[in-house]
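Participant: This is the structure I want to talk about, given as structure tokens.
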Amino acid sequence: METSLRNARRATFAFFLLNGFLMGMWIVHIPVVEQRTGIGHAELGRLLLLLGAGAFLGMRLAGPLTDRLGARRVLPASAALCGAAVVLPGLAEGVPALAAALFLLGIGNGTLDVSMNAHAVEVERGYGRPLMSAFHAAFSVGGVFAALAGALVLDRGRSPATVLGATAAGSLLVTACAARLLLPRGPADTPCGPAATGPAVTGPAAAVRRAASPRRIRILAALAFLLMLCEGVANDWSTPHLRDVLGASAGTAALAYGAFATAMTAGRMLADRVAGRLGPAAVLRAGSAVAAAGLALAALAPNVPAALTGWAVLGAGLSGCVPQLFSAAGHADPAAAGANVARVAGLGYLGMLAGPAVIGPLTHLVPLGPALLLPVALCLVVSAASGVLAPGRPPRTA
């Protein structure tokens, strides 16, 4: 059983890495697809909402399906769907075709997101210690690989259909290999692996073993919404902040997102050890507080080095927070792990989409720097509510 558990862990890393790579390859091809279909930025923005809508729908579908059929069946099917769909935007020649392609890609991404997180919960339960942050780090690494690979092929003038087609073929091969290593479905209330018969489970599983309540899952989802809203702000506004507020060059401004993403990836590689030693509530409390401090520094920074430091600190603070919420949702009720992860991930994804949309209108009232203080307040709210992850304590909302 220990061998199968280790193999399942490797397979889970593979699927997280694959998901990051697939979405990263789509992202680096956005300008080429935009030019090929002859659409403008405004039209592209509207079409990307279909990608988000598809992802949200996929998440809502994948949760119950995973609970009913098991992650071993749903995860490979989701990965195959996402992998096959990534080629569709590269084949689209007009707005209707691109709209349908992005919607299908969103569904594939949403189902893959939930099913791989649900399987990660099963693996984590088997190991009896935190693993979720490391899995999420693999997703980030997949995005980095996609950026490097995309830069290489785009410089050589390869068509998006060719590159994304090769990506789809490779993803199907990875899916076929990794699917054989996934955990077999067992009784919903029985941990898999050593934790079932060994010492008492520590870490996130122990912290959330008490019965789940709809109110508690709603709180976890709300906290994911707030944190991923802050992440969305960093994704879309870190570079404009350096360029427009501090007058940085385009190349220097791009370093803002790079600092954020690098610090987040590094933090995720370390967060499981901290969660195992101090508990998930401590990671959420301290991480969100550090994130608030980092974003405040970036928003009020008088110069570029201070701003880069602030964006990096924000990434480090946020890095371990959302994985704790996903893990808590999955462990709260093993029989409904997929549905609970879907609820938390779905609302969190909406937060990711809402972040840029919230800051934009605020800039009509106040400058961009002060507008970034809103997500600072949201991080502090999450820090205050971190007791929801503490073992044996009732959920707190403030």
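Ligands are numbered from 1 in the order shown, chains are lettered A, B, ... in the order of the structure tokens, and residues start at 1 in each chain.
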Find the residues around region 335-350 of chain A up to 9 Å (only C-alpha atoms counted), leave out those fewer than 3 positions away in its own chain, and share them as an NGL selection string.
Facilitator: :A and (52 or 55-57 or 59-68 or 70-71 or 110-111 or 113-115 or 117-119 or 121-122 or 187-189 or 217-229 or 322 or 325-332 or 353-355)
Participant: Would you write out those residues with N, CA and C atoms, as a short mmCIF file (atom, residue, chain, number, x, y, z; two decimals), in the first residue's frame?
Facilitator:
```cif
data_model
loop_
_atom_site.label_atom_id
_atom_site.label_comp_id
_atom_site.auth_asym_id
_atom_site.auth_seq_id
_atom_site.Cartn_x
_atom_site.Cartn_y
_atom_site.Cartn_z
N GLY A 52 -14.10 31.75 -18.03
CA GLY A 52 -14.43 31.70 -16.60
C GLY A 52 -15.75 31.02 -16.33
N ALA A 55 -15.30 27.33 -16.70
CA ALA A 55 -14.57 26.77 -15.57
C ALA A 55 -15.47 26.62 -14.36
N PHE A 56 -16.29 27.63 -14.10
CA PHE A 56 -17.20 27.56 -12.95
C PHE A 56 -18.20 26.42 -13.12
N LEU A 57 -18.73 26.28 -14.34
CA LEU A 57 -19.67 25.18 -14.60
C LEU A 57 -18.97 23.83 -14.43
N MET A 59 -16.45 23.10 -12.56
CA MET A 59 -16.22 22.84 -11.13
C MET A 59 -17.49 22.33 -10.46
N ARG A 60 -18.61 22.95 -10.80
CA ARG A 60 -19.86 22.52 -10.18
C ARG A 60 -20.26 21.11 -10.61
N LEU A 61 -19.90 20.73 -11.83
CA LEU A 61 -20.22 19.38 -12.30
C LEU A 61 -19.27 18.35 -11.73
N ALA A 62 -17.99 18.71 -11.62
CA ALA A 62 -16.97 17.73 -11.23
C ALA A 62 -17.08 17.31 -9.78
N GLY A 63 -17.53 18.21 -8.91
CA GLY A 63 -17.61 17.86 -7.49
C GLY A 63 -18.49 16.66 -7.22
N PRO A 64 -19.79 16.72 -7.56
CA PRO A 64 -20.65 15.56 -7.34
C PRO A 64 -20.21 14.32 -8.12
N LEU A 65 -19.70 14.51 -9.35
CA LEU A 65 -19.24 13.36 -10.13
C LEU A 65 -18.08 12.66 -9.44
N THR A 66 -17.16 13.43 -8.88
CA THR A 66 -16.02 12.84 -8.20
C THR A 66 -16.46 12.06 -6.97
N ASP A 67 -17.43 12.62 -6.24
CA ASP A 67 -17.94 11.91 -5.06
C ASP A 67 -18.66 10.62 -5.46
N ARG A 68 -19.33 10.64 -6.59
CA ARG A 68 -20.11 9.48 -7.02
C ARG A 68 -19.25 8.40 -7.68
N GLY A 70 -15.65 8.60 -8.06
CA GLY A 70 -14.28 8.50 -7.57
C GLY A 70 -13.33 9.30 -8.45
N ALA A 71 -12.29 9.87 -7.82
CA ALA A 71 -11.32 10.68 -8.56
C ALA A 71 -10.56 9.84 -9.58
N GLY A 110 -11.99 23.54 -15.34
CA GLY A 110 -12.74 23.48 -14.08
C GLY A 110 -12.88 22.07 -13.55
N THR A 111 -13.20 21.12 -14.43
CA THR A 111 -13.34 19.73 -13.97
C THR A 111 -11.99 19.16 -13.53
N ASP A 113 -9.46 20.92 -12.32
CA ASP A 113 -9.09 21.60 -11.08
C ASP A 113 -9.69 20.90 -9.87
N VAL A 114 -10.99 20.64 -9.93
CA VAL A 114 -11.67 20.04 -8.77
C VAL A 114 -11.26 18.58 -8.58
N SER A 115 -11.21 17.81 -9.65
CA SER A 115 -10.91 16.38 -9.50
C SER A 115 -9.48 16.15 -9.03
N ASN A 117 -7.71 18.25 -7.17
CA ASN A 117 -7.66 18.64 -5.76
C ASN A 117 -8.33 17.61 -4.87
N ALA A 118 -9.42 17.01 -5.37
CA ALA A 118 -10.09 15.96 -4.59
C ALA A 118 -9.17 14.75 -4.42
N HIS A 119 -8.45 14.38 -5.49
CA HIS A 119 -7.52 13.26 -5.36
C HIS A 119 -6.35 13.64 -4.44
N VAL A 121 -6.54 15.47 -1.85
CA VAL A 121 -7.03 15.29 -0.49
C VAL A 121 -6.93 13.83 -0.07
N GLU A 122 -7.26 12.90 -0.98
CA GLU A 122 -7.16 11.47 -0.67
C GLU A 122 -5.70 11.08 -0.37
N PRO A 187 -13.72 2.96 0.74
CA PRO A 187 -14.85 3.49 1.49
C PRO A 187 -14.66 4.97 1.75
N ALA A 188 -15.73 5.74 1.61
CA ALA A 188 -15.63 7.19 1.70
C ALA A 188 -15.15 7.66 3.05
N ASP A 189 -15.41 6.92 4.09
CA ASP A 189 -15.04 7.38 5.41
C ASP A 189 -13.79 6.71 5.94
N ILE A 217 -18.43 25.29 5.45
CA ILE A 217 -17.98 25.25 4.06
C ILE A 217 -18.18 26.60 3.41
N ARG A 218 -19.29 27.28 3.74
CA ARG A 218 -19.51 28.61 3.18
C ARG A 218 -18.44 29.59 3.64
N ILE A 219 -18.01 29.47 4.89
CA ILE A 219 -16.95 30.35 5.39
C ILE A 219 -15.64 30.07 4.66
N LEU A 220 -15.31 28.78 4.48
CA LEU A 220 -14.10 28.45 3.73
C LEU A 220 -14.16 29.00 2.31
N ALA A 221 -15.32 28.89 1.68
CA ALA A 221 -15.48 29.41 0.32
C ALA A 221 -15.34 30.92 0.29
N ALA A 222 -15.92 31.60 1.29
CA ALA A 222 -15.81 33.06 1.33
C ALA A 222 -14.37 33.50 1.52
N LEU A 223 -13.63 32.80 2.37
CA LEU A 223 -12.22 33.14 2.56
C LEU A 223 -11.42 32.89 1.28
N ALA A 224 -11.73 31.80 0.57
CA ALA A 224 -11.06 31.55 -0.71
C ALA A 224 -11.37 32.66 -1.71
N PHE A 225 -12.61 33.14 -1.71
CA PHE A 225 -12.98 34.25 -2.59
C PHE A 225 -12.13 35.48 -2.31
N LEU A 226 -11.97 35.82 -1.03
CA LEU A 226 -11.21 37.02 -0.67
C LEU A 226 -9.74 36.87 -1.05
N LEU A 227 -9.15 35.71 -0.75
CA LEU A 227 -7.73 35.51 -1.03
C LEU A 227 -7.45 35.47 -2.53
N MET A 228 -8.32 34.78 -3.28
CA MET A 228 -8.07 34.68 -4.72
C MET A 228 -8.42 35.97 -5.44
N LEU A 229 -9.27 36.80 -4.84
CA LEU A 229 -9.46 38.15 -5.36
C LEU A 229 -8.15 38.93 -5.28
N VAL A 322 -4.50 29.51 0.31
CA VAL A 322 -5.59 28.84 -0.41
C VAL A 322 -5.49 27.32 -0.34
N LEU A 325 -7.28 25.99 2.63
CA LEU A 325 -8.74 26.02 2.53
C LEU A 325 -9.25 24.86 1.69
N PHE A 326 -8.57 24.57 0.58
CA PHE A 326 -8.96 23.43 -0.25
C PHE A 326 -8.83 22.13 0.55
N SER A 327 -7.73 22.00 1.26
CA SER A 327 -7.50 20.80 2.05
C SER A 327 -8.56 20.65 3.13
N ALA A 328 -8.87 21.74 3.81
CA ALA A 328 -9.89 21.69 4.87
C ALA A 328 -11.24 21.29 4.31
N ALA A 329 -11.59 21.82 3.15
CA ALA A 329 -12.88 21.48 2.54
C ALA A 329 -12.94 20.00 2.18
N GLY A 330 -11.84 19.47 1.64
CA GLY A 330 -11.82 18.06 1.26
C GLY A 330 -11.85 17.12 2.43
N HIS A 331 -11.19 17.49 3.53
CA HIS A 331 -11.14 16.62 4.70
C HIS A 331 -12.38 16.74 5.59
N ALA A 332 -13.16 17.80 5.40
CA ALA A 332 -14.28 18.04 6.31
C ALA A 332 -15.29 16.90 6.28
N LEU A 353 -11.52 36.21 -10.80
CA LEU A 353 -12.05 37.01 -11.89
C LEU A 353 -12.50 38.39 -11.41
N ALA A 354 -12.97 38.46 -10.17
CA ALA A 354 -13.51 39.73 -9.65
C ALA A 354 -12.41 40.72 -9.29
N GLY A 355 -11.23 40.22 -8.92
CA GLY A 355 -10.17 41.11 -8.48
C GLY A 355 -9.87 42.25 -9.43
#
```
Participant: Per residue of region 242-282 of chain A within 12 Å of region 357-378 of chain A, which atom pair is closest and at what distance in Å (one decimal), using only C-alpha atoms, listed by chain and increasing number, as a Markdown table?
Facilitator:
```
| residue | atom | partner | partner_atom | distance |
| --- | --- | --- | --- | --- |
| A:Leu242 | CA | A:Gly369 | CA | 9.7 |
| A:Arg243 | CA | A:Leu368 | CA | 11.1 |
| A:Asp244 | CA | A:Leu368 | CA | 8.5 |
| A:Val245 | CA | A:Gly369 | CA | 7.1 |
| A:Leu246 | CA | A:Gly369 | CA | 9.6 |
```
Participant: Store the residues picked out above in a file with all heavy atoms, as a compact mmCIF listing (two decimals), in the first residue's frame.
Facilitator:
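The file below, selection_3.txt, is the result:
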```txt
# COMPACT_ATOMS: atom_id res chain seq x y z
N LEU A 242 3.52 49.36 -11.40
CA LEU A 242 4.89 49.85 -11.55
C LEU A 242 5.02 50.80 -12.74
O LEU A 242 5.75 51.80 -12.66
CB LEU A 242 5.86 48.68 -11.71
CG LEU A 242 6.65 48.33 -10.44
CD1 LEU A 242 5.72 47.70 -9.40
CD2 LEU A 242 7.81 47.41 -10.75
N ARG A 243 4.31 50.50 -13.82
CA ARG A 243 4.45 51.32 -15.02
C ARG A 243 3.76 52.67 -14.86
O ARG A 243 4.35 53.73 -15.14
CB ARG A 243 3.85 50.58 -16.20
CG ARG A 243 4.01 51.29 -17.54
CD ARG A 243 3.23 50.58 -18.63
NE ARG A 243 1.80 50.61 -18.35
CZ ARG A 243 1.01 49.54 -18.41
NH1 ARG A 243 1.52 48.35 -18.69
NH2 ARG A 243 -0.28 49.65 -18.17
N ASP A 244 2.52 52.67 -14.37
CA ASP A 244 1.73 53.89 -14.36
C ASP A 244 1.94 54.75 -13.12
O ASP A 244 1.86 55.98 -13.19
CB ASP A 244 0.24 53.55 -14.49
CG ASP A 244 -0.07 52.82 -15.79
OD1 ASP A 244 0.74 52.95 -16.73
OD2 ASP A 244 -1.09 52.10 -15.85
N VAL A 245 2.19 54.10 -11.97
CA VAL A 245 2.34 54.85 -10.73
C VAL A 245 3.78 55.27 -10.48
O VAL A 245 4.06 56.40 -10.08
CB VAL A 245 1.80 54.03 -9.53
CG1 VAL A 245 2.04 54.76 -8.21
CG2 VAL A 245 0.32 53.73 -9.72
N LEU A 246 4.71 54.36 -10.74
CA LEU A 246 6.12 54.63 -10.44
C LEU A 246 6.95 54.93 -11.67
O LEU A 246 8.16 55.16 -11.56
CB LEU A 246 6.72 53.43 -9.68
CG LEU A 246 6.05 53.12 -8.33
CD1 LEU A 246 6.63 51.86 -7.72
CD2 LEU A 246 6.20 54.30 -7.38
```
Participant: Record the distance separating CA of Val388 (chain A) and CA of Leu270 (chain A), expressed in Å with one decimal.
Facilitator: 22.1 Å
Participant: Can you pull out every residue within 6 Å of region 29-45 of chain A, counting only C-alpha atoms, but drop anything in the same chain fewer than 3 positions away, and send it as a PyMOL selection string?
Facilitator: chain A and resi 26+48+93-94
Participant: Which residues, written as JSON, numbers by chain, have at least one atom at most 12 Å from Ala271 (chain A), with only C-alpha atoms counted and residues fewer than 2 positions away on the same chain left out?
Facilitator: {"A": [129, 130, 131, 132, 133, 134, 135, 136, 137, 203, 263, 264, 265, 266, 267, 268, 269, 273, 274, 275, 276, 277, 278, 279, 280, 282, 283, 284, 286, 287, 316, 317, 318, 319, 320, 321, 322, 323, 324]}
Participant: Near Gly24 (chain A), within 12 Å and counting only C-alpha atoms, which residues show up once chain neighbours fewer than 5 positions away are dropped, as an mmCIF file with N, CA, C and O atoms, in the first residue's frame?
Facilitator:
```cif
data_model
loop_
_atom_site.group_PDB
_atom_site.id
_atom_site.type_symbol
_atom_site.label_atom_id
_atom_site.label_comp_id
_atom_site.auth_asym_id
_atom_site.auth_seq_id
_atom_site.Cartn_x
_atom_site.Cartn_y
_atom_site.Cartn_z
ATOM 1 N N LEU A 17 0.998 19.611 -12.437
ATOM 2 C CA LEU A 17 1.962 20.158 -13.379
ATOM 3 C C LEU A 17 1.333 20.281 -14.774
ATOM 4 O O LEU A 17 1.501 21.311 -15.465
ATOM 5 N N LEU A 18 0.598 19.256 -15.176
ATOM 6 C CA LEU A 18 -0.048 19.266 -16.484
ATOM 7 C C LEU A 18 -1.075 20.386 -16.580
ATOM 8 O O LEU A 18 -1.137 21.096 -17.599
ATOM 9 N N ASN A 19 -1.877 20.579 -15.557
ATOM 10 C CA ASN A 19 -2.889 21.631 -15.575
ATOM 11 C C ASN A 19 -2.237 23.009 -15.719
ATOM 12 O O ASN A 19 -2.673 23.845 -16.513
ATOM 13 N N HIS A 29 -0.301 32.054 -25.811
ATOM 14 C CA HIS A 29 -0.773 32.154 -27.186
ATOM 15 C C HIS A 29 -1.919 33.153 -27.346
ATOM 16 O O HIS A 29 -2.422 33.331 -28.474
ATOM 17 N N ILE A 30 -2.328 33.806 -26.277
ATOM 18 C CA ILE A 30 -3.446 34.752 -26.379
ATOM 19 C C ILE A 30 -3.193 35.835 -27.427
ATOM 20 O O ILE A 30 -4.055 36.100 -28.281
ATOM 21 N N VAL A 86 -7.510 22.328 -25.354
ATOM 22 C CA VAL A 86 -6.544 23.419 -25.456
ATOM 23 C C VAL A 86 -6.181 23.726 -26.900
ATOM 24 O O VAL A 86 -5.738 24.841 -27.223
ATOM 25 N N ASN A 109 -10.845 22.820 -17.804
ATOM 26 C CA ASN A 109 -10.000 23.310 -16.722
ATOM 27 C C ASN A 109 -10.708 23.209 -15.376
ATOM 28 O O ASN A 109 -10.108 22.822 -14.366
ATOM 29 N N PHE A 139 1.603 23.125 -9.894
ATOM 30 C CA PHE A 139 0.803 23.866 -10.872
ATOM 31 C C PHE A 139 1.552 25.117 -11.329
ATOM 32 O O PHE A 139 1.605 25.423 -12.530
ATOM 33 N N SER A 140 2.119 25.846 -10.375
ATOM 34 C CA SER A 140 2.866 27.054 -10.719
ATOM 35 C C SER A 140 4.078 26.728 -11.585
ATOM 36 O O SER A 140 4.383 27.455 -12.543
ATOM 37 N N VAL A 141 4.775 25.648 -11.254
ATOM 38 C CA VAL A 141 5.940 25.240 -12.041
ATOM 39 C C VAL A 141 5.515 24.891 -13.469
ATOM 40 O O VAL A 141 6.223 25.208 -14.441
ATOM 41 N N GLY A 142 4.358 24.267 -13.613
ATOM 42 C CA GLY A 142 3.849 23.965 -14.949
ATOM 43 C C GLY A 142 3.645 25.223 -15.774
ATOM 44 O O GLY A 142 3.940 25.248 -16.974
ATOM 45 N N GLY A 143 3.165 26.291 -15.140
ATOM 46 C CA GLY A 143 3.013 27.560 -15.834
ATOM 47 C C GLY A 143 4.339 28.146 -16.277
ATOM 48 O O GLY A 143 4.449 28.726 -17.362
ATOM 49 N N VAL A 144 5.363 27.993 -15.431
ATOM 50 C CA VAL A 144 6.701 28.474 -15.789
ATOM 51 C C VAL A 144 7.233 27.703 -17.002
ATOM 52 O O VAL A 144 7.773 28.294 -17.951
ATOM 53 N N PHE A 145 7.079 26.374 -16.991
ATOM 54 C CA PHE A 145 7.509 25.565 -18.130
ATOM 55 C C PHE A 145 6.790 25.999 -19.411
ATOM 56 O O PHE A 145 7.392 26.052 -20.495
ATOM 57 N N ALA A 146 5.498 26.298 -19.279
ATOM 58 C CA ALA A 146 4.732 26.726 -20.451
ATOM 59 C C ALA A 146 5.246 28.054 -20.986
ATOM 60 O O ALA A 146 5.331 28.246 -22.210
ATOM 61 N N ALA A 147 5.583 28.979 -20.090
ATOM 62 C CA ALA A 147 6.105 30.275 -20.530
ATOM 63 C C ALA A 147 7.419 30.098 -21.292
ATOM 64 O O ALA A 147 7.636 30.725 -22.337
ATOM 65 N N LEU A 148 8.295 29.226 -20.785
ATOM 66 C CA LEU A 148 9.578 28.988 -21.455
ATOM 67 C C LEU A 148 9.376 28.304 -22.812
ATOM 68 O O LEU A 148 9.969 28.696 -23.822
ATOM 69 N N ALA A 149 8.527 27.263 -22.810
ATOM 70 C CA ALA A 149 8.271 26.545 -24.062
ATOM 71 C C ALA A 149 7.567 27.443 -25.069
ATOM 72 O O ALA A 149 7.887 27.432 -26.272
ATOM 73 N N GLY A 150 6.610 28.235 -24.598
ATOM 74 C CA GLY A 150 5.891 29.133 -25.492
ATOM 75 C C GLY A 150 6.805 30.173 -26.120
ATOM 76 O O GLY A 150 6.696 30.464 -27.316
ATOM 77 N N ALA A 151 7.698 30.738 -25.306
ATOM 78 C CA ALA A 151 8.636 31.723 -25.843
ATOM 79 C C ALA A 151 9.503 31.106 -26.930
ATOM 80 O O ALA A 151 9.786 31.733 -27.959
ATOM 81 N N LEU A 164 -0.355 24.091 -30.064
ATOM 82 C CA LEU A 164 -1.380 23.636 -29.124
ATOM 83 C C LEU A 164 -1.823 22.211 -29.444
ATOM 84 O O LEU A 164 -2.210 21.459 -28.536
ATOM 85 N N THR A 167 0.749 20.134 -27.869
ATOM 86 C CA THR A 167 0.506 20.173 -26.418
ATOM 87 C C THR A 167 -0.614 19.212 -26.037
ATOM 88 O O THR A 167 -0.516 18.485 -25.040
#
```
Participant: Just checking: using only C-alpha atoms, which residue out of A:Gly232, A:Pro89, A:Ala261, A:Arg180 ends up closest to Gly165 (chain A)?
Facilitator: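 Looking at the shortest contact to Gly165 (chain A), the residue is A:Pro89.
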Participant: Could you check the closest approach to Ala14 (chain A) for each of A:Cys230, A:Val74, A:Leu181, A:Leu297 and tell me which residue wins, using only C-alpha atoms?
Facilitator: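 Among the listed residues, the smallest separation from Ala14 (chain A) belongs to A:Leu181.
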Participant: Based on DSSP run over this structure's backbone, return all residues of region 196-346 of chain A in helix (DSSP H, G or I), as a JSON list (two decimals) with C-alpha atoms, in the first residue's frame.
Facilitator:
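The result, stored in states.json:
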```json
[["chain", "number", "residue", "atom", "x", "y", "z"],
["A", 196, "ALA", "CA", -5.71, 4.46, 8.55],
["A", 204, "PRO", "CA", -5.02, 19.48, 8.12],
["A", 205, "ALA", "CA", -6.80, 16.14, 8.34],
["A", 206, "ALA", "CA", -6.80, 16.25, 12.13],
["A", 207, "ALA", "CA", -7.77, 19.90, 12.17],
["A", 214, "PRO", "CA", -22.85, 23.97, 5.39],
["A", 215, "ARG", "CA", -21.99, 27.14, 7.32],
["A", 216, "ARG", "CA", -18.38, 26.10, 7.75],
["A", 217, "ILE", "CA", -17.98, 25.25, 4.06],
["A", 218, "ARG", "CA", -19.51, 28.61, 3.18],
["A", 219, "ILE", "CA", -16.95, 30.35, 5.39],
["A", 220, "LEU", "CA", -14.10, 28.45, 3.73],
["A", 221, "ALA", "CA", -15.48, 29.41, 0.32],
["A", 222, "ALA", "CA", -15.81, 33.06, 1.33],
["A", 223, "LEU", "CA", -12.22, 33.14, 2.56],
["A", 224, "ALA", "CA", -11.06, 31.55, -0.71],
["A", 225, "PHE", "CA", -12.98, 34.25, -2.59],
["A", 226, "LEU", "CA", -11.21, 37.02, -0.67],
["A", 227, "LEU", "CA", -7.73, 35.51, -1.03],
["A", 228, "MET", "CA", -8.07, 34.68, -4.72],
["A", 229, "LEU", "CA", -9.46, 38.15, -5.36],
["A", 230, "CYS", "CA", -6.16, 39.46, -3.98],
["A", 231, "GLU", "CA", -4.29, 37.01, -6.22],
["A", 232, "GLY", "CA", -6.26, 38.24, -9.23],
["A", 233, "VAL", "CA", -5.31, 41.81, -8.34],
["A", 234, "ALA", "CA", -1.63, 40.84, -8.36],
["A", 235, "ASN", "CA", -1.98, 39.00, -11.67],
["A", 236, "ASP", "CA", -3.54, 41.93, -13.51],
["A", 237, "TRP", "CA", -2.47, 45.08, -11.66],
["A", 238, "SER", "CA", 1.11, 44.51, -10.44],
["A", 239, "THR", "CA", 2.66, 45.39, -13.81],
["A", 240, "PRO", "CA", 0.41, 48.44, -14.49],
["A", 241, "HIS", "CA", 1.14, 49.65, -10.95],
["A", 242, "LEU", "CA", 4.89, 49.85, -11.55],
["A", 243, "ARG", "CA", 4.45, 51.32, -15.02],
["A", 244, "ASP", "CA", 1.73, 53.89, -14.36],
["A", 245, "VAL", "CA", 2.34, 54.85, -10.73],
["A", 250, "ALA", "CA", 7.81, 48.02, -19.63],
["A", 251, "GLY", "CA", 10.57, 45.50, -18.95],
["A", 252, "THR", "CA", 11.02, 46.59, -15.34],
["A", 253, "ALA", "CA", 7.27, 46.69, -14.74],
["A", 254, "ALA", "CA", 6.99, 43.06, -15.87],
["A", 255, "LEU", "CA", 9.28, 42.12, -12.98],
["A", 256, "ALA", "CA", 6.45, 42.93, -10.54],
["A", 257, "TYR", "CA", 4.40, 39.92, -11.57],
["A", 258, "GLY", "CA", 7.57, 37.85, -11.84],
["A", 259, "ALA", "CA", 8.48, 38.70, -8.24],
["A", 260, "PHE", "CA", 4.98, 37.83, -7.07],
["A", 261, "ALA", "CA", 4.78, 34.51, -8.96],
["A", 262, "THR", "CA", 8.28, 33.40, -7.99],
["A", 263, "ALA", "CA", 7.73, 34.12, -4.31],
["A", 264, "MET", "CA", 4.38, 32.32, -4.39],
["A", 265, "THR", "CA", 5.89, 29.22, -5.98],
["A", 266, "ALA", "CA", 8.76, 29.14, -3.49],
["A", 267, "GLY", "CA", 6.38, 29.67, -0.58],
["A", 268, "ARG", "CA", 4.18, 26.79, -1.66],
["A", 269, "MET", "CA", 7.17, 24.48, -1.59],
["A", 270, "LEU", "CA", 7.73, 25.32, 2.07],
["A", 271, "ALA", "CA", 4.18, 25.80, 3.36],
["A", 272, "ASP", "CA", 3.43, 22.11, 3.98],
["A", 273, "ARG", "CA", 6.26, 21.83, 6.51],
["A", 274, "VAL", "CA", 5.00, 24.90, 8.34],
["A", 275, "ALA", "CA", 1.43, 23.60, 8.31],
["A", 276, "GLY", "CA", 2.57, 20.22, 9.63],
["A", 277, "ARG", "CA", 4.43, 21.84, 12.50],
["A", 278, "LEU", "CA", 2.17, 24.77, 13.43],
["A", 280, "PRO", "CA", -3.20, 25.15, 8.99],
["A", 281, "ALA", "CA", -4.81, 27.91, 11.06],
["A", 282, "ALA", "CA", -1.39, 29.38, 11.82],
["A", 283, "VAL", "CA", -0.45, 29.29, 8.13],
["A", 284, "LEU", "CA", -3.68, 31.06, 7.17],
["A", 285, "ARG", "CA", -3.40, 33.63, 9.98],
["A", 286, "ALA", "CA", 0.23, 34.53, 9.47],
["A", 287, "GLY", "CA", 0.20, 34.14, 5.69],
["A", 288, "SER", "CA", -2.72, 36.49, 5.12],
["A", 289, "ALA", "CA", -1.24, 39.02, 7.55],
["A", 290, "VAL", "CA", 2.11, 38.91, 5.71],
["A", 291, "ALA", "CA", 0.23, 39.28, 2.41],
["A", 292, "ALA", "CA", -1.54, 42.37, 3.76],
["A", 293, "ALA", "CA", 1.79, 43.88, 4.80],
["A", 294, "GLY", "CA", 3.35, 43.12, 1.41],
["A", 295, "LEU", "CA", 0.50, 44.63, -0.58],
["A", 296, "ALA", "CA", 0.44, 47.70, 1.66],
["A", 297, "LEU", "CA", 4.17, 48.15, 1.02],
["A", 298, "ALA", "CA", 3.63, 47.81, -2.74],
["A", 299, "ALA", "CA", 0.66, 50.22, -2.75],
["A", 300, "LEU", "CA", 2.51, 52.91, -0.79],
["A", 304, "VAL", "CA", 10.46, 50.58, -7.77],
["A", 305, "PRO", "CA", 12.66, 48.43, -5.46],
["A", 306, "ALA", "CA", 10.23, 48.88, -2.58],
["A", 307, "ALA", "CA", 7.29, 48.01, -4.82],
["A", 308, "LEU", "CA", 9.00, 44.87, -6.12],
["A", 309, "THR", "CA", 9.68, 43.85, -2.55],
["A", 310, "GLY", "CA", 6.04, 44.40, -1.65],
["A", 311, "TRP", "CA", 4.71, 42.30, -4.53],
["A", 312, "ALA", "CA", 7.15, 39.51, -3.64],
["A", 313, "VAL", "CA", 6.07, 39.59, 0.02],
["A", 314, "LEU", "CA", 2.43, 39.43, -1.11],
["A", 315, "GLY", "CA", 3.19, 36.29, -3.12],
["A", 316, "ALA", "CA", 5.02, 34.68, -0.22],
["A", 317, "GLY", "CA", 2.17, 35.45, 2.17],
["A", 318, "LEU", "CA", -0.59, 34.18, -0.10],
["A", 321, "CYS", "CA", -3.25, 30.12, 2.30],
["A", 322, "VAL", "CA", -5.59, 28.84, -0.41],
["A", 323, "PRO", "CA", -4.21, 25.27, -0.31],
["A", 324, "GLN", "CA", -5.15, 25.13, 3.39],
["A", 325, "LEU", "CA", -8.74, 26.02, 2.53],
["A", 326, "PHE", "CA", -8.96, 23.43, -0.25],
["A", 327, "SER", "CA", -7.50, 20.80, 2.05],
["A", 328, "ALA", "CA", -9.89, 21.69, 4.87],
["A", 329, "ALA", "CA", -12.88, 21.48, 2.54],
["A", 330, "GLY", "CA", -11.82, 18.06, 1.26],
["A", 331, "HIS", "CA", -11.14, 16.62, 4.70],
["A", 332, "ALA", "CA", -14.28, 18.04, 6.31],
["A", 334, "PRO", "CA", -14.75, 12.43, 3.00],
["A", 335, "ALA", "CA", -18.07, 11.34, 1.50],
["A", 336, "ALA", "CA", -18.58, 14.80, -0.03],
["A", 337, "ALA", "CA", -14.97, 15.83, -0.58],
["A", 338, "GLY", "CA", -15.45, 16.58, -4.28],
["A", 339, "ALA", "CA", -18.56, 18.69, -3.77],
["A", 340, "ASN", "CA", -16.99, 20.66, -0.92],
["A", 341, "VAL", "CA", -13.78, 21.29, -2.85],
["A", 342, "ALA", "CA", -15.92, 22.41, -5.81],
["A", 343, "ARG", "CA", -17.79, 24.92, -3.64],
["A", 344, "VAL", "CA", -14.60, 26.42, -2.25],
["A", 345, "ALA", "CA", -12.71, 26.35, -5.54],
["A", 346, "GLY", "CA", -15.68, 27.71, -7.50]]
```
